[in-house]
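Structure file query.txt (compact mmCIF, C-alpha atoms and all ligand atoms) is printed below.
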# COMPACT_ATOMS: atom_id res chain seq x y z
CA MET K 1 -5.01 6.96 28.05
CA ALA K 2 -7.34 4.86 25.85
CA ASP K 3 -6.85 1.09 25.71
CA PRO K 4 -4.46 0.06 22.92
CA VAL K 5 -6.09 -0.90 19.62
CA ARG K 6 -5.99 -4.67 19.13
CA ILE K 7 -4.18 -5.49 15.88
CA ALA K 8 -3.96 -8.64 13.74
CA VAL K 9 -1.09 -8.80 11.23
CA VAL K 10 -1.35 -11.12 8.20
CA GLY K 11 1.66 -11.70 5.97
CA ALA K 12 3.60 -11.61 9.25
CA ALA K 13 6.74 -13.17 7.75
CA GLY K 14 6.88 -10.83 4.76
CA ARG K 15 9.09 -7.75 4.54
CA MET K 16 6.22 -5.48 5.63
CA GLY K 17 4.75 -7.96 8.13
CA ARG K 18 8.05 -8.16 10.01
CA GLU K 19 8.38 -4.38 9.97
CA LEU K 20 4.84 -3.94 11.32
CA LEU K 21 5.47 -6.33 14.20
CA ASP K 22 8.72 -4.58 15.01
CA VAL K 23 7.24 -1.04 14.88
CA ALA K 24 4.10 -2.08 16.79
CA GLY K 25 6.31 -3.36 19.62
CA GLY K 26 7.58 0.18 20.21
CA ARG K 27 4.14 1.82 20.41
CA ASP K 28 1.69 1.97 23.30
CA ASP K 29 -1.43 2.80 21.22
CA VAL K 30 -1.53 -0.65 19.54
CA ARG K 31 -1.24 -4.22 20.79
CA VAL K 32 -0.66 -7.14 18.43
CA VAL K 33 -3.08 -9.94 19.37
CA LEU K 34 -2.54 -12.08 16.27
CA ALA K 35 0.30 -12.63 13.78
CA ALA K 36 -0.46 -15.04 10.93
CA ASN K 37 1.31 -16.22 7.80
CA ARG K 38 0.70 -18.64 4.93
CA SER K 39 4.06 -20.44 5.22
CA PRO K 40 4.96 -21.78 8.65
CA VAL K 41 7.23 -19.61 10.81
CA ASP K 42 7.71 -20.13 14.54
CA GLU K 43 8.09 -16.67 15.98
CA ILE K 44 8.62 -13.04 14.91
CA SER K 45 9.37 -10.15 17.28
CA GLY K 46 8.15 -12.28 20.20
CA HIS K 47 4.85 -13.26 18.55
CA ALA K 48 3.89 -16.84 17.79
CA VAL K 49 2.93 -16.98 14.11
CA GLU K 50 -0.32 -18.80 13.34
CA ASP K 51 -1.44 -20.42 10.10
CA ALA K 52 -3.21 -17.78 7.98
CA ASP K 53 -5.39 -20.50 6.40
CA ASP K 54 -7.18 -20.60 9.79
CA LEU K 55 -7.91 -16.86 9.78
CA PRO K 56 -11.70 -17.07 10.37
CA GLU K 57 -11.20 -19.15 13.52
CA LEU K 58 -8.21 -17.05 14.64
CA LEU K 59 -10.22 -13.81 14.34
CA ALA K 60 -12.97 -15.32 16.50
CA GLU K 61 -10.44 -16.48 19.13
CA THR K 62 -8.31 -13.32 19.35
CA ASP K 63 -10.97 -10.63 18.74
CA PRO K 64 -8.81 -7.94 17.08
CA ASP K 65 -10.18 -4.44 16.37
CA VAL K 66 -8.28 -4.09 13.09
CA LEU K 67 -6.49 -6.47 10.72
CA VAL K 68 -3.49 -5.10 8.82
CA ASP K 69 -2.81 -6.80 5.48
CA PHE K 70 0.34 -6.44 3.38
CA THR K 71 0.29 -9.68 1.38
CA GLY K 72 -0.76 -10.32 -2.23
CA PRO K 73 -3.99 -9.48 -4.09
CA GLU K 74 -5.55 -12.98 -3.91
CA SER K 75 -4.88 -13.47 -0.21
CA SER K 76 -5.82 -9.90 0.59
CA VAL K 77 -9.30 -10.40 -0.93
CA GLU K 78 -9.67 -13.62 1.07
CA TYR K 79 -8.52 -12.03 4.36
CA VAL K 80 -10.74 -8.97 3.92
CA ALA K 81 -13.74 -11.24 3.30
CA ALA K 82 -12.92 -13.04 6.58
CA CYS K 83 -12.82 -9.63 8.30
CA ALA K 84 -16.22 -8.72 6.84
CA GLU K 85 -17.63 -12.00 8.17
CA ALA K 86 -16.10 -11.42 11.63
CA GLY K 87 -16.86 -7.69 11.87
CA VAL K 88 -13.15 -6.73 12.06
CA ALA K 89 -11.94 -3.48 10.41
CA ALA K 90 -9.21 -3.80 7.77
CA VAL K 91 -6.19 -1.70 6.77
CA VAL K 92 -4.92 -2.93 3.40
CA GLY K 93 -1.49 -2.00 2.02
CA THR K 94 -1.33 -4.69 -0.65
CA THR K 95 -0.94 -3.46 -4.23
CA GLY K 96 -1.49 -5.03 -7.66
CA PHE K 97 -5.27 -5.63 -7.49
CA ASP K 98 -7.14 -6.17 -10.74
CA ASP K 99 -10.59 -4.56 -11.13
CA GLU K 100 -12.49 -7.56 -9.80
CA GLN K 101 -10.26 -7.82 -6.73
CA ALA K 102 -10.56 -4.08 -6.11
CA SER K 103 -14.34 -4.31 -6.19
CA ALA K 104 -14.19 -7.15 -3.62
CA LEU K 105 -12.70 -4.57 -1.23
CA ASP K 106 -15.68 -2.28 -1.95
CA ASP K 107 -18.03 -5.16 -1.14
CA ALA K 108 -16.34 -5.75 2.23
CA ALA K 109 -16.51 -2.03 3.04
CA GLU K 110 -20.30 -2.30 3.07
CA SER K 111 -20.07 -4.14 6.38
CA ILE K 112 -16.72 -3.06 7.94
CA PRO K 113 -14.50 0.04 8.02
CA LEU K 114 -11.82 -0.51 5.35
CA LEU K 115 -8.88 1.66 4.39
CA HIS K 116 -6.69 0.78 1.41
CA ALA K 117 -3.68 2.88 0.45
CA THR K 118 -0.97 2.12 -2.08
CA ASN K 119 1.54 4.05 0.03
CA PHE K 120 1.41 4.75 3.78
CA SER K 121 4.23 7.30 3.86
CA ARG K 122 3.47 10.94 4.62
CA GLY K 123 6.03 11.98 2.01
CA VAL K 124 4.11 10.31 -0.80
CA ALA K 125 0.88 11.94 0.41
CA ALA K 126 2.68 15.30 0.00
CA LEU K 127 4.10 14.18 -3.38
CA ARG K 128 0.58 13.45 -4.65
CA ARG K 129 -0.53 16.99 -3.79
CA ALA K 130 2.64 18.51 -5.32
CA VAL K 131 2.11 16.50 -8.53
CA ARG K 132 -1.47 17.75 -8.91
CA GLU K 133 -0.30 21.32 -8.49
CA ALA K 134 2.64 20.98 -10.90
CA VAL K 135 0.57 19.26 -13.60
CA ALA K 136 -2.10 21.96 -13.35
CA ALA K 137 0.51 24.73 -13.53
CA LEU K 138 2.40 23.18 -16.49
CA PRO K 139 -0.38 21.91 -18.78
CA ASP K 140 1.69 21.40 -21.95
CA TYR K 141 4.71 19.74 -20.35
CA ASP K 142 5.67 16.16 -21.12
CA VAL K 143 5.23 13.87 -18.10
CA GLU K 144 7.16 10.68 -17.28
CA VAL K 145 6.68 8.56 -14.14
CA THR K 146 9.51 6.32 -12.93
CA GLU K 147 9.51 4.00 -9.93
CA THR K 148 12.39 1.95 -8.51
CA HIS K 149 12.01 -0.95 -6.07
CA HIS K 150 13.87 -3.94 -4.62
CA ASN K 151 14.31 -7.03 -6.74
CA GLY K 152 11.67 -8.97 -4.76
CA LYS K 153 8.74 -6.79 -5.79
CA ARG K 154 6.11 -8.63 -7.84
CA ASP K 155 3.72 -6.02 -9.26
CA ALA K 156 4.69 -3.41 -11.85
CA PRO K 157 4.23 -0.56 -12.10
CA SER K 158 3.99 -0.04 -8.35
CA GLY K 159 0.67 0.76 -6.70
CA THR K 160 2.02 4.21 -5.87
CA ALA K 161 2.96 4.87 -9.51
CA ASN K 162 -0.58 3.94 -10.54
CA THR K 163 -1.97 6.29 -7.89
CA LEU K 164 0.26 9.12 -9.15
CA LEU K 165 -0.92 8.40 -12.73
CA ASP K 166 -4.53 8.62 -11.55
CA GLU K 167 -3.78 11.99 -9.89
CA ILE K 168 -2.33 13.24 -13.20
CA ASP K 169 -5.39 11.97 -15.12
CA ASP K 170 -7.67 13.77 -12.65
CA VAL K 171 -6.05 17.05 -13.63
CA ARG K 172 -5.38 16.47 -17.37
CA GLY K 173 -8.02 13.96 -18.39
CA ASP K 174 -7.15 10.39 -19.36
CA ALA K 175 -3.80 10.27 -21.14
CA GLU K 176 -2.28 7.37 -23.04
CA ARG K 177 0.18 5.49 -20.81
CA VAL K 178 3.26 4.11 -22.55
CA TYR K 179 5.02 1.42 -20.51
CA GLY K 180 8.72 1.59 -21.37
CA ARG K 181 9.91 2.28 -24.91
CA GLU K 182 11.79 0.17 -27.38
CA GLY K 183 12.80 0.49 -31.03
CA ASP K 184 11.28 3.19 -33.24
CA GLN K 185 8.90 4.75 -30.76
CA PRO K 186 8.95 8.55 -30.73
CA ARG K 187 6.95 10.30 -28.05
CA THR K 188 3.39 11.26 -29.08
CA GLU K 189 1.74 14.40 -27.76
CA GLY K 190 0.15 14.01 -24.36
CA GLU K 191 1.35 10.45 -23.65
CA ILE K 192 2.74 9.61 -20.24
CA GLY K 193 5.78 7.34 -20.09
CA VAL K 194 5.79 4.84 -17.21
CA HIS K 195 8.99 3.09 -16.14
CA ALA K 196 9.51 0.38 -13.51
CA ARG K 197 13.05 -0.46 -12.35
CA ARG K 198 13.91 -3.39 -10.06
CA ALA K 199 17.32 -3.52 -8.39
CA GLY K 200 18.90 -4.70 -5.17
CA GLY K 201 17.25 -3.68 -1.93
CA VAL K 202 15.78 -0.29 -2.90
CA THR K 203 12.89 0.35 -0.47
CA GLY K 204 10.90 2.49 -2.90
CA GLU K 205 11.45 5.57 -5.08
CA HIS K 206 8.96 7.49 -7.21
CA GLU K 207 9.74 10.34 -9.61
CA VAL K 208 7.34 12.46 -11.64
CA LEU K 209 9.25 14.37 -14.31
CA LEU K 210 7.74 17.32 -16.17
CA ALA K 211 9.63 18.95 -19.04
CA ASP K 212 9.23 21.28 -22.01
CA ASP K 213 11.97 22.54 -24.35
CA HIS K 214 13.30 24.98 -21.74
CA GLN K 215 12.62 23.66 -18.24
CA LEU K 216 12.57 20.41 -16.30
CA LEU K 217 10.83 19.83 -12.97
CA SER K 218 11.53 16.61 -11.08
CA LEU K 219 9.41 15.65 -8.06
CA THR K 220 10.89 12.67 -6.23
CA HIS K 221 10.14 10.71 -3.07
CA ARG K 222 12.56 8.16 -1.61
CA ALA K 223 11.55 5.92 1.27
CA GLY K 224 14.52 5.46 3.58
CA SER K 225 13.06 2.42 5.34
CA ARG K 226 9.88 0.32 5.53
CA GLY K 227 9.37 1.81 9.00
CA VAL K 228 7.61 4.80 7.41
CA PHE K 229 5.02 2.52 5.77
CA ALA K 230 4.52 0.50 8.96
CA ALA K 231 4.08 3.63 11.10
CA GLY K 232 1.53 5.05 8.64
CA ALA K 233 -0.41 1.78 8.47
CA LEU K 234 -0.58 1.57 12.28
CA ASP K 235 -1.69 5.22 12.49
CA ALA K 236 -4.41 4.28 9.99
CA ALA K 237 -5.41 1.25 12.10
CA VAL K 238 -5.79 3.37 15.24
CA TRP K 239 -7.86 5.96 13.35
CA LEU K 240 -9.99 3.30 11.63
CA SER K 241 -10.78 1.45 14.87
CA SER K 242 -13.42 4.04 15.84
CA ARG K 243 -15.05 4.41 12.40
CA GLU K 244 -18.35 3.13 10.97
CA ALA K 245 -18.43 0.68 8.05
CA GLY K 246 -17.28 2.27 4.78
CA ARG K 247 -14.29 2.90 2.55
CA TYR K 248 -11.68 5.41 3.81
CA ASP K 249 -8.49 7.10 2.49
CA PHE K 250 -5.11 7.57 4.14
CA ASP K 251 -5.50 11.33 3.52
CA GLU K 252 -8.38 11.32 6.02
CA VAL K 253 -6.01 9.91 8.66
CA LEU K 254 -3.39 12.57 7.91
CA ASP K 255 -5.97 15.39 7.96
CA ALA K 256 -7.51 14.26 11.30
N1 LIG T 301 0.92 0.47 0.89
C1 LIG T 301 2.20 0.58 1.25
O1 LIG T 301 2.64 1.56 1.87
C2 LIG T 301 3.11 -0.56 0.94
C3 LIG T 301 2.63 -1.63 0.25
N2 LIG T 301 3.43 -2.71 0.05
C4 LIG T 301 2.77 -3.86 -0.60
O2 LIG T 301 2.59 -4.86 0.38
C5 LIG T 301 2.61 -6.14 -0.26
C6 LIG T 301 3.62 -7.04 0.46
O3 LIG T 301 4.92 -6.51 0.27
P1 LIG T 301 6.18 -7.22 0.97
O4 LIG T 301 5.98 -7.34 2.43
O5 LIG T 301 7.39 -6.52 0.44
O6 LIG T 301 6.09 -8.67 0.28
P2 LIG T 301 6.78 -10.04 0.75
O7 LIG T 301 6.86 -10.87 -0.47
O8 LIG T 301 7.99 -9.78 1.54
O9 LIG T 301 5.69 -10.66 1.75
C7 LIG T 301 4.43 -11.07 1.29
C8 LIG T 301 3.68 -11.71 2.43
O10 LIG T 301 2.38 -12.02 1.96
C9 LIG T 301 2.18 -13.43 1.95
N3 LIG T 301 1.51 -13.84 0.73
C10 LIG T 301 1.80 -13.46 -0.54
N4 LIG T 301 0.97 -14.03 -1.41
C11 LIG T 301 0.14 -14.80 -0.67
C12 LIG T 301 -0.95 -15.66 -1.01
N5 LIG T 301 -1.37 -15.82 -2.28
N6 LIG T 301 -1.58 -16.31 0.00
C13 LIG T 301 -1.20 -16.13 1.28
N7 LIG T 301 -0.16 -15.33 1.66
C14 LIG T 301 0.49 -14.68 0.68
C15 LIG T 301 3.57 -14.06 2.04
O11 LIG T 301 3.46 -15.30 2.69
P3 LIG T 301 4.61 -16.42 2.57
O12 LIG T 301 5.59 -16.12 3.66
O13 LIG T 301 3.87 -17.68 2.76
O14 LIG T 301 5.19 -16.26 1.19
C16 LIG T 301 4.30 -13.02 2.90
O15 LIG T 301 4.01 -13.19 4.25
C17 LIG T 301 2.91 -5.88 -1.74
O16 LIG T 301 1.69 -5.84 -2.45
C18 LIG T 301 3.56 -4.49 -1.71
O17 LIG T 301 3.42 -3.79 -2.92
C19 LIG T 301 4.70 -2.78 0.48
C20 LIG T 301 5.24 -1.72 1.15
C21 LIG T 301 4.50 -0.52 1.43
O1 LIG T 302 6.49 -3.47 -2.74
C1 LIG T 302 7.01 -2.51 -2.12
O2 LIG T 302 8.07 -2.61 -1.51
C2 LIG T 302 6.28 -1.25 -2.10
N1 LIG T 302 5.08 -1.21 -2.62
C3 LIG T 302 4.20 -0.12 -2.65
C4 LIG T 302 3.79 0.19 -4.06
O3 LIG T 302 3.60 -0.74 -4.87
O4 LIG T 302 3.63 1.37 -4.40
C5 LIG T 302 4.66 1.06 -1.84
C6 LIG T 302 6.14 1.22 -1.69
O5 LIG T 302 6.65 1.91 -2.79
C7 LIG T 302 6.87 -0.08 -1.44
Whole structure given in structure tokens:
Amino acid sequence: MADPVRIAVVGAAGRMGRELLDVAGGRDDVRVVLAANRSPVDEISGHAVEDADDLPELLAETDPDVLVDFTGPESSVEYVAACAEAGVAAVVGTTGFDDEQASALDDAAESIPLLHATNFSRGVAALRRAVREAVAALPDYDVEVTETHHNGKRDAPSGTANTLLDEIDDVRGDAERVYGREGDQPRTEGEIGVHARRAGGVTGEHEVLLADDHQLLSLTHRAGSRGVFAAGALDAAVWLSSREAGRYDFDEVLDA
């Protein structure tokens, strides 16, 4: 069997960071060589947690093959730039990038392999394909996208909802997006309603609803645990570890 892929996890103390360290511990194709976090934390899943402000030095000391980042847009851009400097591949799960931050990922991908996905679950990959097919088959139907997440989520709508909206635009052309409705606001033809709900500990749900006067089609994905995202991100890291510099999609990992 091949040597395990050497992984660095940033955002180690976050919800996803903790899940990644836990899931990685049960796999023999990856080995965590660095866990780092902005705020000080002693230990997670048996890993000492280093100060993420020292990432450039830590990458040089620990020599990971791939860094896995689930943090925030500002830190993600900073960590990916450190990877580009150090020649370390990057798997990015962070969402909520503005255009400038997104193009910083493109810049890094000129010198390292980089894979960014707004959702690392296989179910959402299948949902994206199903949505494309449904929207193409039902061209005049009204479309509404609703996502529900835990009350600690910062960005809205979710990265996955934005990806689903882009899939719909690919098929229909750019539609007006209406974010929530209030007061006297009847639906206009072709608009897409977008709704973000935040409650309790919901891991992540996405629904694309298509309806006309006679039929309603609801396509829904519910993540049962963050383990599905962590497993997908580690699969992506293993796949990415043998790639050339460039920008890659999670679909390429699933199709391999
Ligand atoms: N692509 C996918 O499949 C998934 C993507 N996500 C995305 O991953 C990201 C993280 O989610 P989650 O783990 O729930 O978030 P948490 O808030 O639980 O954790 C965020 C982590 O990132 C760190 N962080 C946040 N902002 C900064 C910053 N400016 N500088 C340095 N470190 C920072 C935090 O450090 P500290 O401890 O110091 O606060 C913490 O370790 C989000 O963008 C979320 O949307 C989540 C799940 C699945
Ligand atoms: O913040 C989360 O939790 C999640 N974020 C991702 C997103 O913004 O789409 C993926 C998943 O839904 C969980």
Once you count only C-alpha atoms, which residues end up no further than 10 Å from (1.0, -15.1, 19.8) in the file's frame, shown as an mmCIF file with C-alpha atoms, in the coordinates of the input?
data_model
loop_
_atom_site.group_PDB
_atom_site.id
_atom_site.type_symbol
_atom_site.label_atom_id
_atom_site.label_comp_id
_atom_site.auth_asym_id
_atom_site.auth_seq_id
_atom_site.Cartn_x
_atom_site.Cartn_y
_atom_site.Cartn_z
ATOM 1 C CA VAL K 32 -0.660 -7.140 18.430
ATOM 2 C CA VAL K 33 -3.080 -9.940 19.370
ATOM 3 C CA LEU K 34 -2.540 -12.080 16.270
ATOM 4 C CA ALA K 35 0.300 -12.630 13.780
ATOM 5 C CA ALA K 36 -0.460 -15.040 10.930
ATOM 6 C CA ASP K 42 7.710 -20.130 14.540
ATOM 7 C CA GLU K 43 8.090 -16.670 15.980
ATOM 8 C CA ILE K 44 8.620 -13.040 14.910
ATOM 9 C CA GLY K 46 8.150 -12.280 20.200
ATOM 10 C CA HIS K 47 4.850 -13.260 18.550
ATOM 11 C CA ALA K 48 3.890 -16.840 17.790
ATOM 12 C CA VAL K 49 2.930 -16.980 14.110
ATOM 13 C CA GLU K 50 -0.320 -18.800 13.340
ATOM 14 C CA THR K 62 -8.310 -13.320 19.350
#
Contacts of stretch 221-224 of chain K within 9 Å, all atoms listed in the file, excl. fewer than 5 positions in-chain, as a PyMOL selection string: chain K and resi 121+123-124+127+202-207+229
Report as a tab-separated table the residues of chain K within 7 Å of ligand LIG 302 (chain T), each with its shortest atom pair and distance in Å (one decimal), using all atoms listed in the file, ordered by chain and increasing residue number.
residue	atom	partner	partner_atom	distance
K:Thr95	CA	T:LIG302	O3	5.3
K:Thr118	CA	T:LIG302	O4	5.2
K:Asn119	CA	T:LIG302	C5	4.7
K:His149	CA	T:LIG302	O2	6.3
K:His150	CA	T:LIG302	O2	6.7
K:Lys153	CA	T:LIG302	O1	5.0
K:Asp155	CA	T:LIG302	O3	6.9
K:Ser158	CA	T:LIG302	O3	3.6
K:Gly159	CA	T:LIG302	O3	3.8
K:Thr160	CA	T:LIG302	O4	3.6
K:Ala161	CA	T:LIG302	O4	6.2
K:Thr203	CA	T:LIG302	O2	5.8
K:Gly204	CA	T:LIG302	O5	4.3
K:Glu205	CA	T:LIG302	O5	6.5
Taking all atoms listed in the file into account, produce a table as a Markdown table in which each residue of chain K with an atom at most 8 Å from an atom of ligand LIG 301 (chain T) appears once, together with its shortest atom pair and the distance in Å to one decimal, ordered by chain and rising number.
| residue | atom | partner | partner_atom | distance |
| --- | --- | --- | --- | --- |
| K:Val10 | CA | T:LIG301 | O15 | 7.0 |
| K:Gly11 | CA | T:LIG301 | O15 | 3.3 |
| K:Ala12 | CA | T:LIG301 | O15 | 5.3 |
| K:Ala13 | CA | T:LIG301 | O15 | 4.4 |
| K:Gly14 | CA | T:LIG301 | O9 | 3.2 |
| K:Arg15 | CA | T:LIG301 | O4 | 3.8 |
| K:Met16 | CA | T:LIG301 | O4 | 3.7 |
| K:Gly17 | CA | T:LIG301 | O4 | 5.9 |
| K:Arg18 | CA | T:LIG301 | O4 | 7.9 |
| K:Asn37 | CA | T:LIG301 | O15 | 5.4 |
| K:Arg38 | CA | T:LIG301 | O13 | 4.0 |
| K:Ser39 | CA | T:LIG301 | O13 | 3.7 |
| K:Pro40 | CA | T:LIG301 | O13 | 7.3 |
| K:Ala52 | CA | T:LIG301 | C13 | 7.2 |
| K:Asp53 | CA | T:LIG301 | C13 | 7.9 |
| K:Asp69 | CA | T:LIG301 | O2 | 7.7 |
| K:Phe70 | CA | T:LIG301 | O2 | 4.1 |
| K:Thr71 | CA | T:LIG301 | O10 | 3.2 |
| K:Gly72 | CA | T:LIG301 | N4 | 4.2 |
| K:Pro73 | CA | T:LIG301 | O16 | 6.9 |
| K:Glu74 | CA | T:LIG301 | N5 | 5.3 |
| K:Ser75 | CA | T:LIG301 | N6 | 4.4 |
| K:Ser76 | CA | T:LIG301 | N6 | 7.7 |
| K:Val92 | CA | T:LIG301 | N1 | 7.2 |
| K:Gly93 | CA | T:LIG301 | N1 | 3.6 |
| K:Thr94 | CA | T:LIG301 | O16 | 3.7 |
| K:Thr95 | CA | T:LIG301 | O16 | 4.0 |
| K:Gly96 | CA | T:LIG301 | O16 | 6.2 |
| K:His116 | CA | T:LIG301 | N1 | 7.6 |
| K:Ala117 | CA | T:LIG301 | N1 | 5.2 |
| K:Thr118 | CA | T:LIG301 | N1 | 3.9 |
| K:Asn119 | CA | T:LIG301 | O1 | 3.3 |
| K:Phe120 | CA | T:LIG301 | O1 | 3.9 |
| K:Ser121 | CA | T:LIG301 | O1 | 6.3 |
| K:Gly152 | CA | T:LIG301 | O7 | 6.7 |
| K:Lys153 | CA | T:LIG301 | O5 | 6.4 |
| K:Arg154 | CA | T:LIG301 | O17 | 7.4 |
| K:Asp155 | CA | T:LIG301 | O17 | 6.7 |
| K:Ser158 | CA | T:LIG301 | O17 | 6.6 |
| K:Gly159 | CA | T:LIG301 | O17 | 6.5 |
| K:Thr160 | CA | T:LIG301 | N1 | 7.8 |
| K:Arg226 | CA | T:LIG301 | C20 | 6.7 |
| K:Phe229 | CA | T:LIG301 | O1 | 4.7 |
| K:Ala230 | CA | T:LIG301 | O1 | 7.4 |
| K:Gly232 | CA | T:LIG301 | O1 | 7.7 |
| K:Ala233 | CA | T:LIG301 | O1 | 7.3 |
Which residues are close to stretch 215-217 of chain K, i.e. within 10 Å by only C-alpha atoms, leaving aside same-chain residues fewer than 6 positions away? Reply as a PyMOL selection string. chain K and resi 134+138+141-143+208-209
Skip stretch 102-112 of chain K itself and residues of its chain fewer than 2 positions away, then list as JSON, numbers by chain all residues within 9 Å of it, counting all atoms listed in the file. {"K": [73, 76, 77, 80, 81, 83, 84, 85, 87, 88, 89, 90, 97, 98, 99, 100, 114, 115, 116, 243, 244, 245, 246, 247, 248]}
Could the residues in this selection be written to a file with C-alpha atoms, as an mmCIF file, in the coordinates of the input?
data_model
loop_
_atom_site.group_PDB
_atom_site.id
_atom_site.type_symbol
_atom_site.label_atom_id
_atom_site.label_comp_id
_atom_site.auth_asym_id
_atom_site.auth_seq_id
_atom_site.Cartn_x
_atom_site.Cartn_y
_atom_site.Cartn_z
ATOM 1 C CA PRO K 73 -3.990 -9.480 -4.090
ATOM 2 C CA SER K 76 -5.820 -9.900 0.590
ATOM 3 C CA VAL K 77 -9.300 -10.400 -0.930
ATOM 4 C CA VAL K 80 -10.740 -8.970 3.920
ATOM 5 C CA ALA K 81 -13.740 -11.240 3.300
ATOM 6 C CA CYS K 83 -12.820 -9.630 8.300
ATOM 7 C CA ALA K 84 -16.220 -8.720 6.840
ATOM 8 C CA GLU K 85 -17.630 -12.000 8.170
ATOM 9 C CA GLY K 87 -16.860 -7.690 11.870
ATOM 10 C CA VAL K 88 -13.150 -6.730 12.060
ATOM 11 C CA ALA K 89 -11.940 -3.480 10.410
ATOM 12 C CA ALA K 90 -9.210 -3.800 7.770
ATOM 13 C CA PHE K 97 -5.270 -5.630 -7.490
ATOM 14 C CA ASP K 98 -7.140 -6.170 -10.740
ATOM 15 C CA ASP K 99 -10.590 -4.560 -11.130
ATOM 16 C CA GLU K 100 -12.490 -7.560 -9.800
ATOM 17 C CA LEU K 114 -11.820 -0.510 5.350
ATOM 18 C CA LEU K 115 -8.880 1.660 4.390
ATOM 19 C CA HIS K 116 -6.690 0.780 1.410
ATOM 20 C CA ARG K 243 -15.050 4.410 12.400
ATOM 21 C CA GLU K 244 -18.350 3.130 10.970
ATOM 22 C CA ALA K 245 -18.430 0.680 8.050
ATOM 23 C CA GLY K 246 -17.280 2.270 4.780
ATOM 24 C CA ARG K 247 -14.290 2.900 2.550
ATOM 25 C CA TYR K 248 -11.680 5.410 3.810
#
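Nearest residue to K:Asp22 among K:Leu254, K:Leu240, K:Ala231, K:Val41 is K:Ala231, counting only C-alpha atoms.
Pairwise distance (atom CA of K:Glu189, atom CA of K:Pro157) equals 21.8 Å.
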Choose the residue, out of K:Leu67, K:Val135, K:Val145, K:Val194, that has the smallest atom-to-atom separation from K:Asp169; count all atoms listed in the file. K:Val135
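If you look at atom CA of K:Glu133 and atom CA of K:Leu210, they are 11.8 Å away from each other.
As for atom CA of K:Ala24 and atom CA of K:Ala126, they are spaced 24.2 Å apart.
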In file coordinates, which residues lie within 6 Å of (7.3, 18.5, -8.1) using all atoms listed in the file, given as a list in words? Ala130, Val131, Ala134, Ser218 and Leu219 of chain K
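Nearest to K:Ala8 of all the residues K:His195, K:Ala237, K:Asp29, K:Ala256 is K:Ala237, based on only C-alpha atoms.
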